file structure.csv (CSV, C-alpha atoms and all ligand atoms)
chain,number,residue,atom,x,y,z
A,822,MET,CA,90.2,132.1,72.3
A,823,TRP,CA,93.8,132.3,71.2
A,824,PHE,CA,95.0,133.2,74.6
A,825,GLY,CA,93.1,130.3,76.2
A,826,THR,CA,94.7,127.9,73.8
A,827,LEU,CA,98.2,129.2,74.6
A,828,VAL,CA,97.7,128.8,78.3
A,829,ILE,CA,96.6,125.2,77.8
A,830,VAL,CA,99.7,124.5,75.8
A,831,ILE,CA,101.9,126.0,78.4
A,832,SER,CA,100.4,124.1,81.3
A,833,CYS,CA,100.5,120.9,79.3
A,834,CYS,CA,104.2,121.2,78.6
A,835,PHE,CA,105.3,122.5,81.9
A,836,SER,CA,103.7,119.7,83.8
A,837,THR,CA,105.2,117.2,81.4
A,838,LEU,CA,108.7,118.6,81.8
A,839,TYR,CA,108.7,119.1,85.5
A,840,THR,CA,106.9,116.0,86.7
A,841,GLU,CA,109.7,114.6,88.9
A,842,GLU,CA,109.2,111.1,90.0
A,843,ASN,CA,110.0,110.7,93.7
A,844,ILE,CA,110.3,106.9,93.7
A,845,PRO,CA,111.1,104.6,95.4
A,846,ILE,CA,109.1,105.8,98.4
A,847,VAL,CA,107.1,104.4,101.3
A,848,VAL,CA,104.5,106.0,103.5
A,849,THR,CA,103.2,104.5,106.8
A,850,THR,CA,100.3,105.5,109.1
A,851,TRP,CA,101.1,106.9,112.5
A,852,LYS,CA,104.7,107.0,113.8
A,853,PHE,CA,105.5,103.4,113.0
A,854,ILE,CA,109.1,104.3,112.2
A,855,ASN,CA,110.8,100.9,112.5
A,856,SER,CA,108.4,99.5,110.0
A,857,THR,CA,109.0,102.4,107.6
A,858,VAL,CA,112.8,102.0,107.9
A,859,LYS,CA,112.6,98.3,107.2
A,860,ALA,CA,110.5,98.9,104.1
A,861,TRP,CA,112.9,101.6,103.0
A,862,GLU,CA,115.8,99.2,103.3
A,863,VAL,CA,114.1,96.9,100.9
A,864,LEU,CA,113.2,99.6,98.4
A,865,LYS,CA,116.6,101.3,98.6
A,866,GLU,CA,118.3,98.0,97.7
A,867,GLY,CA,116.1,97.8,94.6
A,868,GLY,CA,113.6,95.4,96.2
A,869,GLU,CA,110.0,95.0,95.3
A,870,ALA,CA,107.2,97.1,96.8
A,871,LEU,CA,105.3,93.9,97.9
A,872,ASP,CA,108.4,92.7,99.9
A,873,ALA,CA,108.8,96.2,101.4
A,874,ILE,CA,105.2,96.1,102.6
A,875,GLU,CA,105.4,92.5,104.0
A,876,LEU,CA,108.7,93.0,105.7
A,877,GLY,CA,107.9,96.5,107.0
A,878,ALA,CA,104.5,95.5,108.5
A,879,SER,CA,106.1,92.3,110.0
A,880,VAL,CA,108.4,94.5,112.1
A,881,CYS,CA,105.3,96.0,113.8
A,882,GLU,CA,103.8,92.6,114.3
A,883,LYS,CA,106.9,91.4,116.1
A,884,GLN,CA,107.4,94.6,118.1
A,885,GLN,CA,103.7,94.8,119.0
A,886,CYS,CA,103.5,98.4,117.9
A,887,ASP,CA,101.4,100.4,120.3
A,888,GLY,CA,99.8,97.1,121.4
A,889,THR,CA,97.5,97.5,118.4
A,890,VAL,CA,99.5,95.4,115.9
A,891,GLY,CA,100.5,91.8,116.4
A,892,TYR,CA,100.1,89.3,119.2
A,893,GLY,CA,99.3,90.1,122.9
A,894,GLY,CA,97.1,93.1,122.3
A,895,SER,CA,93.4,94.0,121.9
A,896,PRO,CA,92.0,90.9,123.5
A,897,ASP,CA,88.4,90.1,122.4
A,898,GLU,CA,85.5,89.4,124.8
A,899,ASN,CA,87.0,85.9,125.3
A,900,GLY,CA,90.5,87.2,126.0
A,901,GLU,CA,91.8,86.0,122.7
A,902,THR,CA,93.9,88.1,120.3
A,903,THR,CA,93.1,87.6,116.6
A,904,LEU,CA,94.8,89.3,113.7
A,905,ASP,CA,93.6,91.0,110.5
A,906,ALA,CA,96.0,91.8,107.6
A,907,LEU,CA,95.9,92.7,103.9
A,908,ILE,CA,98.5,93.0,101.2
A,909,MET,CA,97.7,94.3,97.7
A,910,ASN,CA,99.7,94.2,94.5
A,911,GLY,CA,98.9,97.3,92.4
A,912,LYS,CA,100.5,95.8,89.3
A,913,THR,CA,98.2,92.7,89.1
A,914,MET,CA,95.3,94.1,91.2
A,915,ASN,CA,95.6,90.9,93.2
A,916,VAL,CA,94.9,90.7,97.0
A,917,GLY,CA,95.8,88.5,99.9
A,918,ALA,CA,94.0,89.0,103.2
A,919,VAL,CA,93.3,87.2,106.5
A,920,GLY,CA,90.7,88.1,109.0
A,921,ALA,CA,90.2,87.0,112.7
A,922,LEU,CA,93.4,84.8,112.2
A,923,ARG,CA,94.0,82.7,115.4
A,924,GLY,CA,97.2,81.5,116.8
A,925,ILE,CA,99.6,82.7,114.1
A,926,LYS,CA,101.8,85.8,114.8
A,927,ASP,CA,102.7,86.6,111.2
A,928,ALA,CA,99.4,87.9,109.8
A,929,ILE,CA,100.7,89.9,106.9
A,930,SER,CA,103.0,87.0,105.8
A,931,VAL,CA,100.0,84.7,105.9
A,932,ALA,CA,98.1,87.3,103.8
A,933,ARG,CA,101.1,87.2,101.3
A,934,HIS,CA,100.7,83.4,101.1
A,935,VAL,CA,97.0,83.8,100.3
A,936,LEU,CA,98.1,86.2,97.5
A,937,GLU,CA,100.8,83.9,96.1
A,938,HIS,CA,99.7,80.4,96.8
A,939,THR,CA,95.9,80.5,96.3
A,940,LYS,CA,93.5,81.8,93.7
A,941,HIS,CA,91.4,83.2,96.6
A,942,SER,CA,91.8,86.6,98.1
A,943,PHE,CA,90.6,86.3,101.7
A,944,LEU,CA,90.7,83.6,104.3
A,945,VAL,CA,89.3,83.9,107.9
A,946,GLY,CA,89.3,82.5,111.4
A,947,GLU,CA,90.4,79.0,112.4
A,948,LEU,CA,90.4,77.9,108.8
A,949,ALA,CA,92.9,80.6,107.9
A,950,THR,CA,95.0,79.2,110.7
A,951,GLN,CA,94.9,75.7,109.1
A,952,PHE,CA,96.0,77.2,105.8
A,953,ALA,CA,98.9,79.0,107.5
A,954,VAL,CA,100.0,75.8,109.2
A,955,GLU,CA,99.9,74.0,105.8
A,956,MET,CA,102.1,76.8,104.5
A,957,GLY,CA,104.6,76.2,107.3
A,958,PHE,CA,103.7,78.8,109.9
A,959,HIS,CA,104.0,78.0,113.5
A,960,ARG,CA,100.9,77.8,115.6
A,961,GLU,CA,101.2,79.4,119.1
A,962,THR,CA,99.1,81.3,121.6
A,963,LEU,CA,98.7,85.1,120.9
A,964,VAL,CA,97.8,85.7,124.6
A,965,THR,CA,100.5,87.2,126.8
A,966,PRO,CA,100.5,88.0,130.5
A,967,GLN,CA,99.7,91.7,129.5
A,968,SER,CA,96.8,90.8,127.4
A,969,LYS,CA,95.5,88.5,130.0
A,970,GLU,CA,95.7,91.2,132.7
A,971,MET,CA,94.0,93.7,130.4
A,972,TRP,CA,91.1,91.3,129.8
A,973,LYS,CA,90.8,90.4,133.5
A,974,LYS,CA,90.5,94.0,134.5
A,975,TRP,CA,87.9,94.6,131.8
A,976,PHE,CA,85.9,91.6,132.9
A,977,ASN,CA,86.2,91.7,136.6
A,978,GLU,CA,86.7,95.4,137.6
A,979,ASP,CA,85.1,97.2,134.7
A,980,HIS,CA,82.1,94.9,134.3
A,981,CYS,CA,82.8,94.4,130.6
A,982,GLN,CA,82.9,98.2,129.9
A,983,PRO,CA,83.3,99.3,127.2
A,984,ASN,CA,81.8,96.8,124.8
A,985,PHE,CA,80.2,96.8,121.3
A,986,TRP,CA,76.7,95.5,122.1
A,987,MET,CA,73.4,97.3,121.7
A,988,ASN,CA,69.8,96.4,121.8
A,989,VAL,CA,70.4,93.4,124.0
A,990,LYS,CA,69.6,92.4,127.6
A,991,PRO,CA,70.9,92.6,130.2
A,992,ASP,CA,71.8,96.2,129.6
A,993,PRO,CA,75.3,96.1,128.0
A,994,ARG,CA,76.1,99.5,129.5
A,995,LYS,CA,76.0,97.9,132.9
A,996,SER,CA,76.4,94.2,132.6
A,997,CYS,CA,78.6,91.5,131.1
A,998,GLY,CA,77.0,88.9,128.8
A,999,PRO,CA,75.8,86.5,127.7
A,1000,TYR,CA,73.2,88.7,126.1
A,1001,SER,CA,70.1,88.0,124.3
A,1002,LYS,CA,68.5,90.2,121.7
A,1003,GLN,CA,66.0,92.9,122.6
A,1004,SER,CA,64.3,95.0,119.9
A,1005,SER,CA,64.5,98.7,120.4
A,1006,LYS,CA,62.7,101.6,118.7
A,1007,LYS,CA,65.7,103.7,119.6
A,1008,TYR,CA,67.9,101.9,117.1
A,1009,ASP,CA,68.8,105.1,115.1
A,1010,GLU,CA,69.6,107.1,118.2
A,1011,ASP,CA,71.8,104.4,119.5
A,1012,ILE,CA,73.5,103.7,116.3
A,1013,GLU,CA,76.9,105.0,117.5
A,1014,GLY,CA,76.6,102.8,120.5
A,1015,HIS,CA,78.6,103.9,123.5
A,1016,MET,CA,82.0,102.6,122.6
A,1017,LYS,CA,84.3,105.6,122.2
A,1018,VAL,CA,87.3,104.5,120.2
A,1019,ASP,CA,90.4,106.0,121.8
A,1020,ARG,CA,93.8,106.5,120.3
A,1021,TYR,CA,95.2,103.1,121.4
A,1022,ASN,CA,92.2,101.3,120.1
A,1023,HIS,CA,92.7,102.0,116.4
A,1024,ASP,CA,96.3,102.3,115.5
A,1025,THR,CA,96.4,100.0,112.5
A,1026,ILE,CA,99.6,100.0,110.5
A,1027,GLY,CA,98.9,100.9,106.9
A,1028,MET,CA,101.6,101.2,104.4
A,1029,VAL,CA,101.9,102.1,100.7
A,1030,ALA,CA,105.1,101.6,98.8
A,1031,ILE,CA,106.4,102.2,95.3
A,1032,ASP,CA,109.5,100.5,94.1
A,1033,LYS,CA,112.1,101.5,91.5
A,1034,ASN,CA,110.1,99.9,88.7
A,1035,GLY,CA,107.0,102.0,89.6
A,1036,ASP,CA,105.1,99.1,91.1
A,1037,VAL,CA,102.8,100.0,93.8
A,1038,ALA,CA,101.8,97.8,96.8
A,1039,ALA,CA,99.9,98.5,99.9
A,1040,GLY,CA,99.1,96.6,103.1
A,1041,THR,CA,97.8,96.7,106.7
A,1042,SER,CA,98.1,94.7,109.9
A,1043,THR,CA,96.2,95.0,113.2
A,1044,ASN,CA,94.9,93.1,116.1
A,1045,GLY,CA,91.6,95.0,115.8
A,1046,ALA,CA,89.4,96.7,118.4
A,1047,LYS,CA,90.0,96.1,122.0
A,1048,PHE,CA,87.2,93.9,123.6
A,1049,LYS,CA,85.6,93.3,120.2
A,1050,ILE,CA,82.9,90.7,119.9
A,1051,PRO,CA,84.7,87.5,118.8
A,1052,GLY,CA,84.5,87.1,115.0
A,1053,ARG,CA,84.7,90.9,114.4
A,1054,ILE,CA,86.7,92.0,111.4
A,1055,GLY,CA,87.4,95.7,110.9
A,1056,ASP,CA,88.4,97.8,107.9
A,1057,SER,CA,92.0,96.9,107.8
A,1058,PRO,CA,91.9,93.6,105.8
A,1059,ILE,CA,89.1,94.8,103.5
A,1060,PRO,CA,90.6,95.8,100.1
A,1061,GLY,CA,89.7,99.4,99.3
A,1062,SER,CA,89.0,100.1,102.9
A,1063,GLY,CA,92.2,99.4,104.9
A,1064,ALA,CA,94.4,99.9,101.9
A,1065,TYR,CA,94.3,100.0,98.1
A,1066,ALA,CA,97.0,100.0,95.3
A,1067,ASP,CA,96.8,100.6,91.6
A,1068,ASN,CA,100.0,101.0,89.5
A,1069,THR,CA,98.2,103.4,87.2
A,1070,VAL,CA,97.3,105.9,90.0
A,1071,GLY,CA,99.0,105.2,93.3
A,1072,GLY,CA,97.8,103.9,96.6
A,1073,ALA,CA,96.2,104.7,99.9
A,1074,ALA,CA,95.8,103.4,103.5
A,1075,ALA,CA,93.3,104.1,106.2
A,1076,THR,CA,93.2,103.9,110.0
A,1077,GLY,CA,90.7,104.7,112.6
A,1078,ASP,CA,87.2,103.5,113.7
A,1079,GLY,CA,87.1,100.5,111.4
A,1080,ASP,CA,83.6,99.4,111.9
A,1081,ILE,CA,82.5,102.7,110.4
A,1082,MET,CA,85.3,103.2,107.9
A,1083,LEU,CA,84.8,99.9,106.1
A,1084,ARG,CA,81.3,101.1,105.0
A,1085,PHE,CA,82.9,103.7,102.8
A,1086,LEU,CA,86.0,102.1,101.2
A,1087,PRO,CA,88.0,105.2,101.9
A,1088,SER,CA,91.3,103.9,100.4
A,1089,PHE,CA,89.5,103.0,97.2
A,1090,LEU,CA,87.8,106.4,97.1
A,1091,ALA,CA,91.1,108.3,97.7
A,1092,VAL,CA,92.7,106.3,94.8
A,1093,GLU,CA,89.8,107.1,92.5
A,1094,GLU,CA,90.0,110.8,93.4
A,1095,MET,CA,93.6,110.8,92.4
A,1096,ARG,CA,92.7,109.0,89.2
A,1097,ARG,CA,90.4,112.0,88.5
A,1098,GLY,CA,93.3,114.4,89.0
A,1099,SER,CA,93.1,115.3,92.7
A,1100,SER,CA,96.3,115.8,94.7
A,1101,PRO,CA,96.9,113.1,97.3
A,1102,THR,CA,95.9,115.6,100.1
A,1103,SER,CA,92.6,116.5,98.5
A,1104,ALA,CA,91.9,112.9,97.6
A,1105,ALA,CA,92.4,111.9,101.2
A,1106,ARG,CA,90.2,114.7,102.3
A,1107,VAL,CA,87.3,113.7,100.0
A,1108,ALA,CA,87.5,110.1,101.4
A,1109,VAL,CA,87.4,111.4,105.0
A,1110,GLU,CA,84.7,114.0,104.4
A,1111,ARG,CA,82.5,111.3,102.8
A,1112,ILE,CA,82.5,109.5,106.2
A,1113,VAL,CA,82.1,112.7,108.2
A,1114,ALA,CA,78.9,113.5,106.2
A,1115,TYR,CA,77.2,110.4,107.8
A,1116,TYR,CA,79.2,110.0,111.0
A,1117,PRO,CA,80.4,113.4,112.3
A,1118,ASP,CA,81.9,111.8,115.4
A,1119,PHE,CA,84.0,109.2,113.7
A,1120,MET,CA,87.7,109.1,114.2
A,1121,GLY,CA,90.1,108.2,111.4
A,1122,ALA,CA,92.7,109.1,108.8
A,1123,VAL,CA,93.6,108.4,105.2
A,1124,VAL,CA,97.0,108.7,103.7
A,1125,ALA,CA,97.4,108.8,99.9
A,1126,LEU,CA,100.4,108.3,97.7
A,1127,SER,CA,100.4,109.1,94.0
A,1128,LYS,CA,102.3,107.0,91.5
A,1129,VAL,CA,105.0,109.8,91.1
A,1130,GLY,CA,105.6,109.8,94.8
A,1131,LYS,CA,103.5,112.8,96.0
A,1132,HIS,CA,101.8,112.2,99.3
A,1133,GLY,CA,99.2,113.7,101.6
A,1134,ALA,CA,96.7,112.8,104.3
A,1135,ALA,CA,93.5,113.9,105.9
A,1136,CYS,CA,92.0,113.1,109.3
A,1137,HIS,CA,89.0,113.7,111.5
A,1138,GLY,CA,88.1,113.3,115.2
A,1139,ILE,CA,91.6,113.9,116.6
A,1140,THR,CA,93.8,117.0,116.7
A,1141,SER,CA,96.4,115.8,114.3
A,1142,PHE,CA,97.5,112.7,112.5
A,1143,PRO,CA,101.2,111.7,111.9
A,1144,TYR,CA,102.5,109.6,109.1
A,1145,VAL,CA,106.0,108.6,108.2
A,1146,VAL,CA,107.7,109.0,104.8
A,1147,HIS,CA,111.0,107.6,103.6
A,1148,ASP,CA,112.3,108.4,100.1
A,1149,THR,CA,115.5,109.5,98.3
A,1150,THR,CA,114.9,113.2,99.0
A,1151,GLN,CA,116.2,113.0,102.6
A,1152,GLU,CA,118.7,110.9,104.4
A,1153,SER,CA,116.3,109.6,107.0
A,1154,TYR,CA,112.6,109.1,107.5
A,1155,LYS,CA,110.4,112.1,108.0
A,1156,VAL,CA,107.3,112.3,110.2
A,1157,ILE,CA,104.6,114.5,108.8
A,1158,GLU,CA,101.9,115.8,111.2
A,1159,VAL,CA,98.6,116.7,109.5
A,1160,LYS,CA,96.0,118.9,111.2
A,1161,CYS,CA,92.6,117.3,111.3
A,1162,SER,CA,89.2,118.7,110.3
B,1,LIG,C1,112.4,100.2,117.2
B,1,LIG,O1,113.4,99.2,117.2
B,1,LIG,C2,114.3,99.3,118.2
B,1,LIG,C3,115.4,98.3,118.0
B,1,LIG,O2,115.0,97.2,117.3
B,1,LIG,C4,113.6,99.2,119.5
B,1,LIG,O3,114.5,99.3,120.6
B,1,LIG,C5,112.6,100.2,119.7
B,1,LIG,O4,111.8,100.0,120.8
B,1,LIG,C6,111.6,100.2,118.5
B,1,LIG,N1,110.7,101.3,118.5
B,1,LIG,C7,109.4,101.1,118.7
B,1,LIG,C8,108.6,102.4,118.8
B,1,LIG,O5,108.9,100.0,118.8
call {"tool": "encode", "arguments": {"input": "structure.csv", "output": "structure tokens"}}
result
Amino acid sequence: MWFGTLVIVISCCFSTLYTEENIPIVVTTWKFINSTVKAWEVLKEGGEALDAIELGASVCEKQQCDGTVGYGGSPDENGETTLDALIMNGKTMNVGAVGALRGIKDAISVARHVLEHTKHSFLVGELATQFAVEMGFHRETLVTPQSKEMWKKWFNEDHCQPNFWMNVKPDPRKSCGPYSKQSSKKYDEDIEGHMKVDRYNHDTIGMVAIDKNGDVAAGTSTNGAKFKIPGRIGDSPIPGSGAYADNTVGGAAATGDGDIMLRFLPSFLAVEEMRRGSSPTSAARVAVERIVAYYPDFMGAVVALSKVGKHGAACHGITSFPYVVHDTTQESYKVIEVKCS
């Protein structure tokens, strides 16, 4: 009894004494280095985490990172690019998000305007565009010669393969639409459909930042899934799914097969696991394993950052997952490659 008490006392005081805060810090999904460097510039100068997230993700929107962020990538079935973005303030637990945003390149900045200039949290589609224009954003086409070519090849040469339809006629595995519904007893068997999400079809930028005041912010930006059905919104702009932030715990961001991931709120789950005392790595693992239990073939990753600046990630369905960290412990950014389950 006595010995047990002693151990508890020691572990209490050691952890108190040696909890070094590694802030400010930013972590970013994949190898989106330019965005990370931009966010770090903001944080290093004493700037706010929210600004770091907005300006950092904006870099990827402008540079069309991997073709999966920003304009001119991932055309939908009509050949149009639409954008999804989220920004979350972990101090106020306020959120700004846009989904299926048309004709505006600066998705995360529009999300920031939803956060700061409305009492709402989420605006979508053409009506989000109207809001953005009222806020002073410039409307322009998001189609580029490259995205037009991509769409033409899919439509003309590949006969609309792959696509996201099921239980419709004509057979979506062979034909383009328009489709009409067809009931099928094989619904469960077909639940995964036939669309294999490849690496360049899921590279959402997700970022979590903590500024010098300990304020946590998180955000995402993406142009969604290639050849999505128009109107589709993935996990990225959904609070708790694409990203989540809570000053009292930390934050998390997720990337991968968004249609599946958003059913599990993996970023929220990772933050809640850290709240219960898990390390960022095991918190991320719990969030990923929850999805794997239902969808063993799913592809995705979660990166988690605790409020003291410890970080970790977990992933599934690919060999490894890289994320970028920038903090005061090193002169430059660092890419960390996590082996996946
Ligand atoms: C990063 O930014 C530099 C200069 O702005 C640019 O040349 C480079 O292509 C960018 N890297 C990526 C991966 O987009």
call {"tool": "closest_residue", "arguments": {"input": "structure.csv", "among": "A:Gly1061, A:Gly877, A:Gly868, A:Gly888", "to": "Ile929 in chain A", "atoms": "all atoms listed in the file"}}
result
A:Gly877
call {"tool": "residues_near_ligand", "arguments": {"input": "structure.csv", "ligand": "ligand LIG 1 (chain B)", "cutoff": "10 Å", "atoms": "only C-alpha atoms and all ligand atoms", "output": "VMD selection string"}}
result
chain A and resid 852 to 856 858 880 to 881 883 to 888
call {"tool": "residues_around", "arguments": {"input": "structure.csv", "residues": "range 1066-1078 of chain A", "least_positions_apart": "2", "cutoff": "6 Å", "atoms": "all atoms listed in the file", "output": "list in words"}}
result
Gly911, Lys912, His1023, Thr1025, Gly1027, Asp1036, Val1037, Ala1038, Ala1039, Gly1063, Ala1064, Asp1080, Ile1081, Ser1088, Val1092, Arg1096, Met1120, Gly1121, Ala1122, Val1123, Val1124, Ala1125, Leu1126, Ser1127 and Lys1128 of chain A
call {"tool": "atom_distance", "arguments": {"input": "structure.csv", "atom1": "CA of Ser968 in chain A", "atom2": "CA of Leu904 in chain A"}}
result
13.9 Å
call {"tool": "closest_residue", "arguments": {"input": "structure.csv", "among": "A:Lys990, A:Arg933, A:Lys969, A:His980", "to": "Asn910 in chain A", "atoms": "only C-alpha atoms"}}
result
A:Arg933
call {"tool": "closest_residue", "arguments": {"input": "structure.csv", "among": "A:Phe1085, A:Trp972, A:Phe1142, A:Tyr892", "to": "Asp1024 in chain A", "atoms": "only C-alpha atoms"}}
result
A:Phe1142
call {"tool": "residues_around", "arguments": {"input": "structure.csv", "residues": "range 953-962 of chain A", "least_positions_apart": "4", "cutoff": "7 Å", "atoms": "all atoms listed in the file", "output": "ChimeraX atom specification"}}
result
/A:924-925,931,949
call {"tool": "residues_around", "arguments": {"input": "structure.csv", "residues": "Phe976 in chain A", "least_positions_apart": "4", "cutoff": "12 Å", "atoms": "only C-alpha atoms", "output": "mmCIF file with C-alpha atoms, in the coordinates of the input"}}
result
data_model
loop_
_atom_site.group_PDB
_atom_site.id
_atom_site.type_symbol
_atom_site.label_atom_id
_atom_site.label_comp_id
_atom_site.auth_asym_id
_atom_site.auth_seq_id
_atom_site.Cartn_x
_atom_site.Cartn_y
_atom_site.Cartn_z
ATOM 1 C CA PRO A 896 92.000 90.900 123.500
ATOM 2 C CA ASP A 897 88.400 90.100 122.400
ATOM 3 C CA GLU A 898 85.500 89.400 124.800
ATOM 4 C CA ASN A 899 87.000 85.900 125.300
ATOM 5 C CA GLY A 900 90.500 87.200 126.000
ATOM 6 C CA LYS A 969 95.500 88.500 130.000
ATOM 7 C CA GLU A 970 95.700 91.200 132.700
ATOM 8 C CA MET A 971 94.000 93.700 130.400
ATOM 9 C CA TRP A 972 91.100 91.300 129.800
ATOM 10 C CA HIS A 980 82.100 94.900 134.300
ATOM 11 C CA CYS A 981 82.800 94.400 130.600
ATOM 12 C CA GLN A 982 82.900 98.200 129.900
ATOM 13 C CA PRO A 983 83.300 99.300 127.200
ATOM 14 C CA ASN A 984 81.800 96.800 124.800
ATOM 15 C CA LYS A 995 76.000 97.900 132.900
ATOM 16 C CA SER A 996 76.400 94.200 132.600
ATOM 17 C CA CYS A 997 78.600 91.500 131.100
ATOM 18 C CA GLY A 998 77.000 88.900 128.800
ATOM 19 C CA PHE A 1048 87.200 93.900 123.600
#
call {"tool": "atom_distance", "arguments": {"input": "structure.csv", "atom1": "CA of Pro845 in chain A", "atom2": "CA of Leu876 in chain A"}}
result
15.7 Å
call {"tool": "atom_distance", "arguments": {"input": "structure.csv", "atom1": "CA of Gly1040 in chain A", "atom2": "CA of Gln1151 in chain A"}}
result
23.7 Å
call {"tool": "closest_residue", "arguments": {"input": "structure.csv", "among": "A:Gly867, A:Pro993, A:Gly894, A:Gly917", "to": "Pro966 in chain A", "atoms": "only C-alpha atoms"}}
result
A:Gly894
call {"tool": "residues_near_point", "arguments": {"input": "structure.csv", "point": "(93.9, 92.5, 108.2)", "cutoff": "6 Å", "atoms": "all atoms listed in the file", "output": "number ranges by chain"}}
result
A: 905-907, 919-920, 1041-1042, 1057-1058
call {"tool": "axis_aligned_box", "arguments": {"input": "structure.csv", "around": "range 841-847 of chain A", "padding_each_side": "3 Å", "output": "JSON"}}
result
{"center_x": 109.1, "center_y": 109.5, "center_z": 95.1, "size_x": 10.0, "size_y": 16.2, "size_z": 18.4}
call {"tool": "closest_residue", "arguments": {"input": "structure.csv", "among": "A:His941, A:Ser1099, A:Tyr1065, A:Val1129", "to": "Val1029 in chain A", "atoms": "all atoms listed in the file"}}
result
A:Tyr1065
call {"tool": "build_atoms", "arguments": {"input": "structure.csv", "residues": "range 1046-1059 of chain A", "atoms": "N, CA and C atoms", "output": "mmCIF file, keeping the file's coordinate frame"}}
result
data_model
loop_
_atom_site.group_PDB
_atom_site.id
_atom_site.type_symbol
_atom_site.label_atom_id
_atom_site.label_comp_id
_atom_site.auth_asym_id
_atom_site.auth_seq_id
_atom_site.Cartn_x
_atom_site.Cartn_y
_atom_site.Cartn_z
ATOM 1 N N ALA A 1046 89.954 95.846 117.270
ATOM 2 C CA ALA A 1046 89.400 96.700 118.400
ATOM 3 C C ALA A 1046 89.503 95.917 119.678
ATOM 4 N N LYS A 1047 89.903 96.637 120.707
ATOM 5 C CA LYS A 1047 90.000 96.100 122.000
ATOM 6 C C LYS A 1047 88.597 95.636 122.525
ATOM 7 N N PHE A 1048 88.480 94.425 123.025
ATOM 8 C CA PHE A 1048 87.200 93.900 123.600
ATOM 9 C C PHE A 1048 86.131 93.744 122.488
ATOM 10 N N LYS A 1049 86.597 93.513 121.272
ATOM 11 C CA LYS A 1049 85.600 93.300 120.200
ATOM 12 C C LYS A 1049 84.848 91.998 120.455
ATOM 13 N N ILE A 1050 83.705 91.917 119.829
ATOM 14 C CA ILE A 1050 82.900 90.700 119.900
ATOM 15 C C ILE A 1050 83.641 89.669 119.015
ATOM 16 N N PRO A 1051 83.900 88.478 119.549
ATOM 17 C CA PRO A 1051 84.700 87.500 118.800
ATOM 18 C C PRO A 1051 84.092 87.260 117.391
ATOM 19 N N GLY A 1052 84.978 87.273 116.410
ATOM 20 C CA GLY A 1052 84.500 87.100 115.000
ATOM 21 C C GLY A 1052 84.546 88.446 114.266
ATOM 22 N N ARG A 1053 84.674 89.552 114.997
ATOM 23 C CA ARG A 1053 84.700 90.900 114.400
ATOM 24 C C ARG A 1053 85.894 91.084 113.478
ATOM 25 N N ILE A 1054 85.644 91.606 112.286
ATOM 26 C CA ILE A 1054 86.700 92.000 111.400
ATOM 27 C C ILE A 1054 86.496 93.491 111.090
ATOM 28 N N GLY A 1055 87.534 94.290 111.167
ATOM 29 C CA GLY A 1055 87.400 95.700 110.900
ATOM 30 C C GLY A 1055 87.715 96.079 109.477
ATOM 31 N N ASP A 1056 88.087 97.324 109.271
ATOM 32 C CA ASP A 1056 88.400 97.800 107.900
ATOM 33 C C ASP A 1056 89.699 97.340 107.372
ATOM 34 N N SER A 1057 90.637 97.066 108.265
ATOM 35 C CA SER A 1057 92.000 96.900 107.800
ATOM 36 C C SER A 1057 92.230 95.816 106.739
ATOM 37 N N PRO A 1058 91.624 94.627 106.852
ATOM 38 C CA PRO A 1058 91.900 93.600 105.800
ATOM 39 C C PRO A 1058 91.022 93.761 104.584
ATOM 40 N N ILE A 1059 90.086 94.695 104.598
ATOM 41 C CA ILE A 1059 89.100 94.800 103.500
ATOM 42 C C ILE A 1059 89.802 95.633 102.357
#
